[in-house]
Each structure stands twice: as C-alpha cells, then as structure tokens.
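Trainee: Pasting a structure here, questions to come.
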Amino acid sequence: MRITLDVIRECLEGTIPAGIATCSLDGTPNISIVSHVHFVDSTHVALSFQFFNKTRENVLANPHAVVQVIHPVTGARYSMDLEYLHTETQGPLFESMKAKLAGIASHTGMSGVFRLQGSDIYCVRSIEKVPGQELPLPPVRRNLLSALRVCAERLTQCNDLAKLLDGALTCLRDLFDIHHAMVLMLDGSGQRLYTVASRGYEQSGVGSEIAIGCGVIGVAAEQRTPIRIMHMTADYSYGRAIRESVEREGLGGRLETAIPLPGLPDSRSQMAAPILAGGRLLGILYVESPEDKRFWYDDEDALVAVAAQLGMAINTLAQFSESPDETPPAAGQAMPAAGAPVVVRHYAADDSVFIDDDYLIKGVAGAIFCKLLRDYTDGQRTEFTNRELRLDPSIGLPDLSDNLEARLILLERRLSERCAFLRIDKTGRGRFRLNVGRPFRLVDVG
Amino acid sequence: MASPNDKAPCLDADLAAFVQGGVSIVAASRVGKRSPVIARAAGCRVSPSRRQVTILVSSSQAAAFLEGIRNTRAIAAVFSQPSTHRTIQLKGIDAAPAPLQDGDHALIAAYTHAFCEELAPLGYHPDQVRAVLSCEADDFVAVTFSISTAFSQTPGPRAGEPLVA
C-alpha cells in the first residue's frame, strides 16, 4: 500500500533529529540534521532554512533529497524522497513555521540561534517504511471526528452570538478536553482583536485587546493562518505581546485602561485558528494547555474546523441581529434606582468609561454605553434596538464589518463583572434593555 | 581535529569520544549519478589512530545505503547530540562494508543504552528508542571509512566550518 504523508505526519514532530541527505553535482553525498519538517499538504513538506549550508547549496543545484523521520511514539521510521521546489520568505506558511521554530528553539535552549530565513518547499515523491520493530500506538485520547460532529450539531442550535461563543467554548471543554480557550474578535479598525468570550481562566479578560501581529494570536490573525506551538516560547508570550501592543500604539502612559489578557501563566502548548467568513477575518479562536505537546496535527484540524463553523455562524447571526423581533420586548424586572449617585466619566478621546474611578470599557462599546446612559438621563429610556445603535452617528461604528452584537456582549459582560447596579439584558432578537439600579451622573471629559 | 604527522585528518580525543557517545548517527551515500540515500546507525567505533571511523547499520534497513557504499564508496555521516545540538559531519571516499568485529554487539548494546539516556530527558521512553534502533543481531554490518573531511554543523554562525586543530 502506498504510504501518504498525511497518514504519517506525526513523524514530522519528533525530537529525535531527522537527517537530510543530498548530493552535490559531482555526486558527493552530504548529510545534515533538520530541526523542523513542516507538513504543508499530503504531497508537500517545508524544511526550515536557517543558515546557508551545504544542504542548501546542494538542493539548489540538485533538487533530490532524502529525509528519514521517526514516529515520536511508535519509533517507526520512514524515508521520504523529496524534490526541492522553491523557497518562501514571507506569508502564512513562513510565519507559521517561524512561530513553531521559535517554540522548538525555546524548548531546546536555542532561542536567538534558530532563526528562520525561509521555508524550503519540497514535493514528496515517495515514502518508504524502514523495516524494523515499532511500538503499538496507545489508545487515542478522544475521537476528534466524533467530537467535531457533536460540536457542529450543537453549534447549529445556537440562535444568538453569545450562545454561539459560549457553546463553542463549552464544546471545546466537554468534547475536546480543551479547558483553556478564548474567542477574540477583530475590531472595525482591523488593527486589534478584543476578547469577547473565554473559558478556564481566573479572570475572564473580556474586553482585553491584542494588536494584530503580536504573539501567537496576533500572528495567526495577521497571516490568517492557524498557528500551533507544542512547546511554549517567550518570543510569542502574552506578556511580551501585550507590551509590544502597548508600545506600538503609544499607550505607554495609559495602561490603566488595559484589561489583562486572560492566559495560563504556565502555558506549554498553544493553538490559534483564524475565524474567517466570506474571505474576511472575523476573529481568532485560541486554546492552550499547561502540557507540552498537547496539540498535534489532528487537534489543529479540529480547531480549524470549529473556527470555520464559527465564522459562518457569526456571519449568519449578524444578518439577523440588527432586524429586531416583531414581538414586543419581554417584560423585565427593572431594578429600582436607589442609593448614592455614582459618577460615570466618559473620555471622548478614546471613549473610555470609568465608573467612579474604576475602568469599565473603551472604544465602540464605551460609546454605546454613553449613548444608553444619555438616553436614560434624557427621557428615562430603557428599551433599545441594535439597529438604532448601528445608525447612531454618536457611536461611530466604523462599518458593517464591526460586529455590533459582539460589542454588546462585551459591554454586557464587563458590566456584570465590574458594576453591580448597571446591567444590560437581551429582550429578544436585536433588542435589549438597560437596567439602572442606582442614580448616576454622566460627566464628559475632554 | 589534529593532524600530527601527515595531512590525513584525524579526530581529537574529545571528538572521538563524542562520536562514540549516545549521539544520533545518520549516514548518507549515493546511488546512480546523484541520488542520495540515507541510513541510521546503531553505534560507532573509532580506530586507534582516530583516522578511521566505523558505523554499524542494519543491512536490511540500510539496503539502498549499502548499495551506494559498495558502488561509490562515498559516505557522509552526521553525529548530533539532541540535548545540546552539538553536531559534526564526517565524510569519506573509501567507505566499504565489513563484517562485525568482536565486541561490536557489546558496542551496539552500550550505544543503545547511552542513546536512551540521552533521549530520556526529552520525553522518550527507552522502549521507543530501542524500537528506533531495533534490528536482528545477525543483520548488522559495519561500514568503515577514512575521514577525508570533517565539519562542525552545530547550529549557529560557525555551522559548516571545517574542523581544524
């Protein structure tokens, strides 16, 4: 039976060094170690080009190469006949390999030495199993295909964005045994992602932001490609990503409005999959684990499939969320506004909002919140529709690509975490109610 | 590398110990005009002069490699320590297969043990390492060559430099 690359791709993730044999034009053989053989598709691999060496000189002149790889669990060995095609020095494949290489480098004490200069793409001509013993594969942890099917069925039942996002995170936990996950949405500027839902962290981190291009999440968004790291690396860590994010935006003095990104302090394995729909990036689905080598190729496939379904569902739900139900809003229990008045400060520069002195939210969600408070102050208004927010020039939603429903979820969750007396309740499709439990005074600053 | 009396390269004591330790050993030869072939070895011995190196391979697993050795006598062998990435490549133009010598089975056993020890901290169970090196005892064959050139391949700016004394 012909062996295909997709069936043996776990062999590309072992730690026992793989060798690559090449020949120069005069026929002199050369052999070197490859730190990273990357699965591209079932007929292509990419090798990391880090240093100009004899292997590279040889394949540029004579494209034939042989790589022997080892299954990291069974010890089975395979020889792959390769033919060098070309080198990529940017783009999704390159960035994905760069992130993975950084993980390997960090894990093996080679940070600062391993540096990806290019992804050398090879066609896999044939694969042969080397005769010899091998260990049996241990039972699989989860049947991922079955998990994916149940997840897909559950997500099709979700009729609003909040349920969809929470449903996806619940599925990851219950069906895929992934206990730390978050969903980040791209904001209208296209430059930042904000956390809208998370699971498995002490603080939800809802509202926290990360810039495109920073860390595993930011690079996955920038390149619209999944990134998977089996050994965590400082190069892609949150702390660094957030620092860079703050520096990039010149917000050094405004850290008080930064909500910490949730995340495991001892994260060892990470995956980020882009949430795409209609060719547009909507956000990122991110998972992590304190275990090394927790996520393999099959886990990446599963996460990408869940993210793809999320993308389609988010797009579909967005079309409905701004056409309110014909039925009148459900009656709710209004909180009585009593007690000492609080001061709500709104800073026009970035629409940041502080309740007394505690930071609540900024940006579009901050502008929405102020509109609600103003309308309440002006006429005790409590019932609102998504559509009027979309049309209100004072909010300045960038365009339809900004997911309004996600902003409302963000606001609703920040309020429930940070404020005991102001609340937003959904009252139907495209409708919600502001509940005010204490008198307040809205102060506009700047 | 040190070449005390003539120009033929030889390994210094440190490198001789390195290639005979628990390092990953993979070798290449050529079939046809320029088609590379590859094989993993399960041990190495260095001659007293430290000018000849012998690697031990499975004849059934390394059939194409041995064909290349017989036809071209060209060999390249890489020795790499996974925990440190320290790597050297040795080349020869006079490689030839030979039967095992006395003590070679003990050498293979010692090598296997040392390679298991090397890989244990990287998360490999000895059974996995033994599977990688598995071969019937009477299937092993030795391949001996004189070192014609030697290079450092440890990742970094000096990778590819010839090893000189």
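Chain identifiers are assigned as A, B, and so on, following the order in which chains appear in the structure tokens; residues are numbered from 1 within each chain, and ligands are numbered from 1 in order of appearance.
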Using only C-alpha atoms, find each residue in chain A having at least one atom no more than 8 Å away from chain B; report its shortest atom-to-atom pair and that distance in Å (one decimal), rows by chain then rising number, as CSV.
Mentor:
residue,atom,partner,partner_atom,distance
A:Thr15,CA,B:Leu122,CA,7.3
A:Ile16,CA,B:Pro82,CA,6.7
A:Pro17,CA,B:Pro82,CA,6.7
A:Gly19,CA,B:Val26,CA,6.2
A:Ile20,CA,B:Ile38,CA,7.8
A:Ala21,CA,B:Ala28,CA,5.7
A:Thr22,CA,B:Pro36,CA,5.2
A:Cys23,CA,B:Arg34,CA,5.6
A:Ser24,CA,B:Arg34,CA,7.2
A:Leu25,CA,B:Arg34,CA,6.8
A:Asp26,CA,B:Arg34,CA,7.4
A:Gly27,CA,B:Arg34,CA,4.8
A:Thr28,CA,B:Ala74,CA,6.7
A:Pro29,CA,B:Ser29,CA,5.4
A:Asn30,CA,B:Ala76,CA,5.4
A:Ile31,CA,B:Ala76,CA,5.9
A:Ser32,CA,B:Val78,CA,6.2
A:Ile33,CA,B:Val78,CA,7.6
A:Phe51,CA,B:Gly156,CA,7.7
A:Asn53,CA,B:Gly160,CA,6.2
A:Lys54,CA,B:Gly160,CA,7.4
A:Asn62,CA,B:Arg34,CA,7.7
A:His64,CA,B:Ser35,CA,6.3
A:Ala65,CA,B:Pro36,CA,6.2
A:Val66,CA,B:Pro36,CA,6.3
A:Val67,CA,B:Ile38,CA,7.5
A:Gln68,CA,B:Ile38,CA,7.2
A:Ile70,CA,B:Val132,CA,7.4
A:Pro72,CA,B:Gln128,CA,7.9
A:Val73,CA,B:Gln128,CA,6.6
A:Thr74,CA,B:Gln128,CA,6.2
A:Gly75,CA,B:Val132,CA,4.8
A:Ala76,CA,B:Val132,CA,6.5
A:Arg77,CA,B:Val132,CA,7.0
A:Ser79,CA,B:Ile38,CA,7.8
A:Thr108,CA,B:Ser83,CA,7.0
A:Val113,CA,B:Gly156,CA,5.8
A:Phe114,CA,B:Pro155,CA,7.3
A:Val130,CA,B:Gln61,CA,5.8
A:Pro131,CA,B:Gln61,CA,5.7
A:Gly132,CA,B:Ser134,CA,6.0
A:Gln133,CA,B:Ala131,CA,5.4
A:Glu134,CA,B:Ala131,CA,5.3
A:Leu135,CA,B:Ala131,CA,6.8
Trainee: What would the file look like if the residues just selected were written as a short mmCIF file (atom, residue, chain, number, x, y, z; two decimals), in the first residue's frame with C-alpha atoms?
Mentor:
data_model
loop_
_atom_site.label_atom_id
_atom_site.label_comp_id
_atom_site.auth_asym_id
_atom_site.auth_seq_id
_atom_site.Cartn_x
_atom_site.Cartn_y
_atom_site.Cartn_z
CA THR A 15 12.57 15.31 18.82
CA ILE A 16 14.98 12.60 17.65
CA PRO A 17 16.84 14.52 14.96
CA GLY A 19 18.61 13.60 8.83
CA ILE A 20 18.50 15.01 5.33
CA ALA A 21 20.79 13.52 2.67
CA THR A 22 21.65 15.39 -0.51
CA CYS A 23 24.28 15.16 -3.25
CA SER A 24 26.34 17.87 -4.88
CA LEU A 25 26.60 18.00 -8.66
CA ASP A 26 29.78 15.88 -8.56
CA GLY A 27 27.89 13.25 -6.58
CA THR A 28 29.45 13.86 -3.15
CA PRO A 29 26.86 12.98 -0.53
CA ASN A 30 26.09 15.34 2.33
CA ILE A 31 24.04 14.81 5.43
CA SER A 32 22.70 17.24 7.99
CA ILE A 33 20.13 17.47 10.73
CA PHE A 51 21.69 29.01 7.70
CA ASN A 53 24.88 25.38 4.30
CA LYS A 54 25.93 22.52 2.07
CA ASN A 62 20.46 19.07 -7.49
CA HIS A 64 16.90 15.39 -4.90
CA ALA A 65 16.91 14.86 -1.13
CA VAL A 66 16.07 12.04 1.23
CA VAL A 67 14.79 12.61 4.76
CA GLN A 68 14.37 9.92 7.36
CA ILE A 70 10.75 8.82 13.14
CA PRO A 72 7.63 10.07 18.08
CA VAL A 73 5.52 7.41 19.81
CA THR A 74 5.97 4.13 17.93
CA GLY A 75 9.55 4.63 16.82
CA ALA A 76 8.58 3.64 13.24
CA ARG A 77 10.88 5.12 10.64
CA SER A 79 12.35 7.51 4.37
CA THR A 108 15.77 23.26 23.46
CA VAL A 113 20.26 30.87 17.42
CA PHE A 114 17.43 29.34 15.43
CA VAL A 130 12.05 1.29 7.02
CA PRO A 131 11.69 -2.34 8.15
CA GLY A 132 12.02 -2.87 11.90
CA GLN A 133 10.10 -3.07 15.15
CA GLU A 134 7.65 -0.48 16.28
CA LEU A 135 5.63 0.05 19.41
#
Trainee: Step one, run DSSP on the backbone; step two, keep only residues of region 161-217 of chain A assigned to strand (DSSP E or B); then write them as a list of chain:residue names.
Mentor: A:His180, A:Ala181, A:Met182, A:Val183, A:Leu184, A:Met185, A:Leu186, A:Arg192, A:Leu193, A:Tyr194, A:Thr195, A:Val196, A:Ala197, A:Ser198, A:Arg199, A:Glu209, A:Ile210, A:Ala211
Trainee: Distance CA of Ile275 (chain A)-CA of Cys11 (chain A), one decimal place?
Mentor: 28.2 Å
Trainee: Find the distance between CA of Cys214 (chain A) and CA of Lys98 (chain A) and write it in Å to one decimal.
Mentor: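 Distance between the two atoms: 13.2 Å.
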Trainee: Please provide as a ChimeraX atom specification all residues within 10 Å of Phe140 (chain B), with the sequence filter that same-chain residues fewer than 6 positions apart are discarded (counting only C-alpha atoms).
Mentor: /B:41-42,56-62,98-100,104-105,108
Trainee: If you measure from CA of Gly396 (chain A) to CA of Val353 (chain A), what distance in Å do you get, rounded to one decimal?
Mentor: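 Interatomic distance, CA of Gly396 (chain A) to CA of Val353 (chain A): 16.1 Å.
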Trainee: What's around region 202-205 of chain A at 8 Å? Count only C-alpha atoms, leave out sequence neighbours fewer than 4 positions away in its own chain, and write the answer as a CSV table (one decimal) with C-alpha atoms, in the first residue's frame.
Mentor:
chain,number,residue,atom,x,y,z
A,195,THR,CA,-11.6,39.2,23.8
A,197,ALA,CA,-15.6,35.2,25.5
A,198,SER,CA,-13.2,33.0,27.4
A,259,ILE,CA,-7.6,44.8,30.7
A,260,PRO,CA,-5.2,41.9,31.2
A,261,LEU,CA,-5.5,39.3,28.5
A,262,PRO,CA,-6.5,36.0,30.2
Trainee: Can you pull out every residue within 9 Å of Ile368 (chain A), counting only C-alpha atoms, but drop anything in the same chain fewer than 2 positions away, and send it as a list in words?
Mentor: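 Here the answer would be Gly363, Val364, Ala365, Gly366, Cys370, Lys371, Leu372, Leu373, Leu389, Ser394, Ile395, Arg407, Leu408 and Leu411 of chain A.
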Trainee: Please produce a file of the residues just selected, as a PDB file, in the first residue's frame, where the atoms kept are C-alpha atoms.
Mentor:
ATOM      1  CA  GLY A 363     -13.866  52.265  22.181  1.00  0.00           C
ATOM      2  CA  VAL A 364     -17.095  51.389  20.435  1.00  0.00           C
ATOM      3  CA  ALA A 365     -18.526  49.622  23.486  1.00  0.00           C
ATOM      4  CA  GLY A 366     -17.742  52.742  25.552  1.00  0.00           C
ATOM      5  CA  CYS A 370     -22.658  56.506  26.922  1.00  0.00           C
ATOM      6  CA  LYS A 371     -25.463  56.724  24.394  1.00  0.00           C
ATOM      7  CA  LEU A 372     -27.558  54.411  26.555  1.00  0.00           C
ATOM      8  CA  LEU A 373     -26.854  56.450  29.696  1.00  0.00           C
ATOM      9  CA  LEU A 389     -27.116  51.843  17.556  1.00  0.00           C
ATOM     10  CA  SER A 394     -22.546  59.468  18.005  1.00  0.00           C
ATOM     11  CA  ILE A 395     -21.337  55.883  18.259  1.00  0.00           C
ATOM     12  CA  ARG A 407     -19.654  44.812  21.216  1.00  0.00           C
ATOM     13  CA  LEU A 408     -22.876  44.431  23.169  1.00  0.00           C
ATOM     14  CA  LEU A 411     -20.365  45.616  27.327  1.00  0.00           C
TER      15      LEU A 411
END
Trainee: Which residues are near Gln117 (chain A)? Cut-off 10 Å, only C-alpha atoms, ignore same chain within fewer than 3 positions. Put them as a ChimeraX atom specification.
Mentor: /A:48-52,87-90,94,98,114,120
Trainee: The selected residues should be written to file as a short mmCIF file (atom, residue, chain, number, x, y, z; two decimals), in the first residue's frame (atoms: C-alpha atoms).
Mentor:
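After the write, part-v4.cif holds the following:
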data_model
loop_
_atom_site.label_atom_id
_atom_site.label_comp_id
_atom_site.auth_asym_id
_atom_site.auth_seq_id
_atom_site.Cartn_x
_atom_site.Cartn_y
_atom_site.Cartn_z
CA SER A 48 13.33 25.38 7.71
CA PHE A 49 16.13 27.30 6.02
CA GLN A 50 18.10 28.91 8.82
CA PHE A 51 21.69 29.01 7.70
CA PHE A 52 23.21 28.76 4.27
CA THR A 87 11.66 28.91 -1.00
CA GLU A 88 9.12 31.20 0.65
CA THR A 89 10.36 34.05 2.82
CA GLN A 90 7.05 35.55 3.91
CA PHE A 94 6.58 31.12 6.68
CA LYS A 98 8.62 30.75 12.32
CA PHE A 114 17.43 29.34 15.43
CA ASP A 120 12.05 25.47 1.62
#
Trainee: Quick one: everything within 6 Å of Ile424 (chain A), counting only C-alpha atoms, minus sequence neighbours fewer than 4 positions away in the same chain. Send it as an NGL selection string.
Mentor: :A and (412 or 433-434)
Trainee: Please produce a file of the residues just selected, as an mmCIF file, in the first residue's frame, where the atoms kept are C-alpha atoms.
Mentor:
data_model
loop_
_atom_site.group_PDB
_atom_site.id
_atom_site.type_symbol
_atom_site.label_atom_id
_atom_site.label_comp_id
_atom_site.auth_asym_id
_atom_site.auth_seq_id
_atom_site.Cartn_x
_atom_site.Cartn_y
_atom_site.Cartn_z
ATOM 1 C CA GLU A 412 -22.852 43.314 28.993
ATOM 2 C CA ARG A 433 -32.854 46.705 27.997
ATOM 3 C CA LEU A 434 -30.732 48.942 30.205
#
Trainee: May I ask which of the residues A:Ala307, A:Leu276, A:Leu360, A:Val59 is the closest one to Arg345 (chain A), counting only C-alpha atoms?
Mentor: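 Closest to Arg345 (chain A) of all the choices is A:Leu360.
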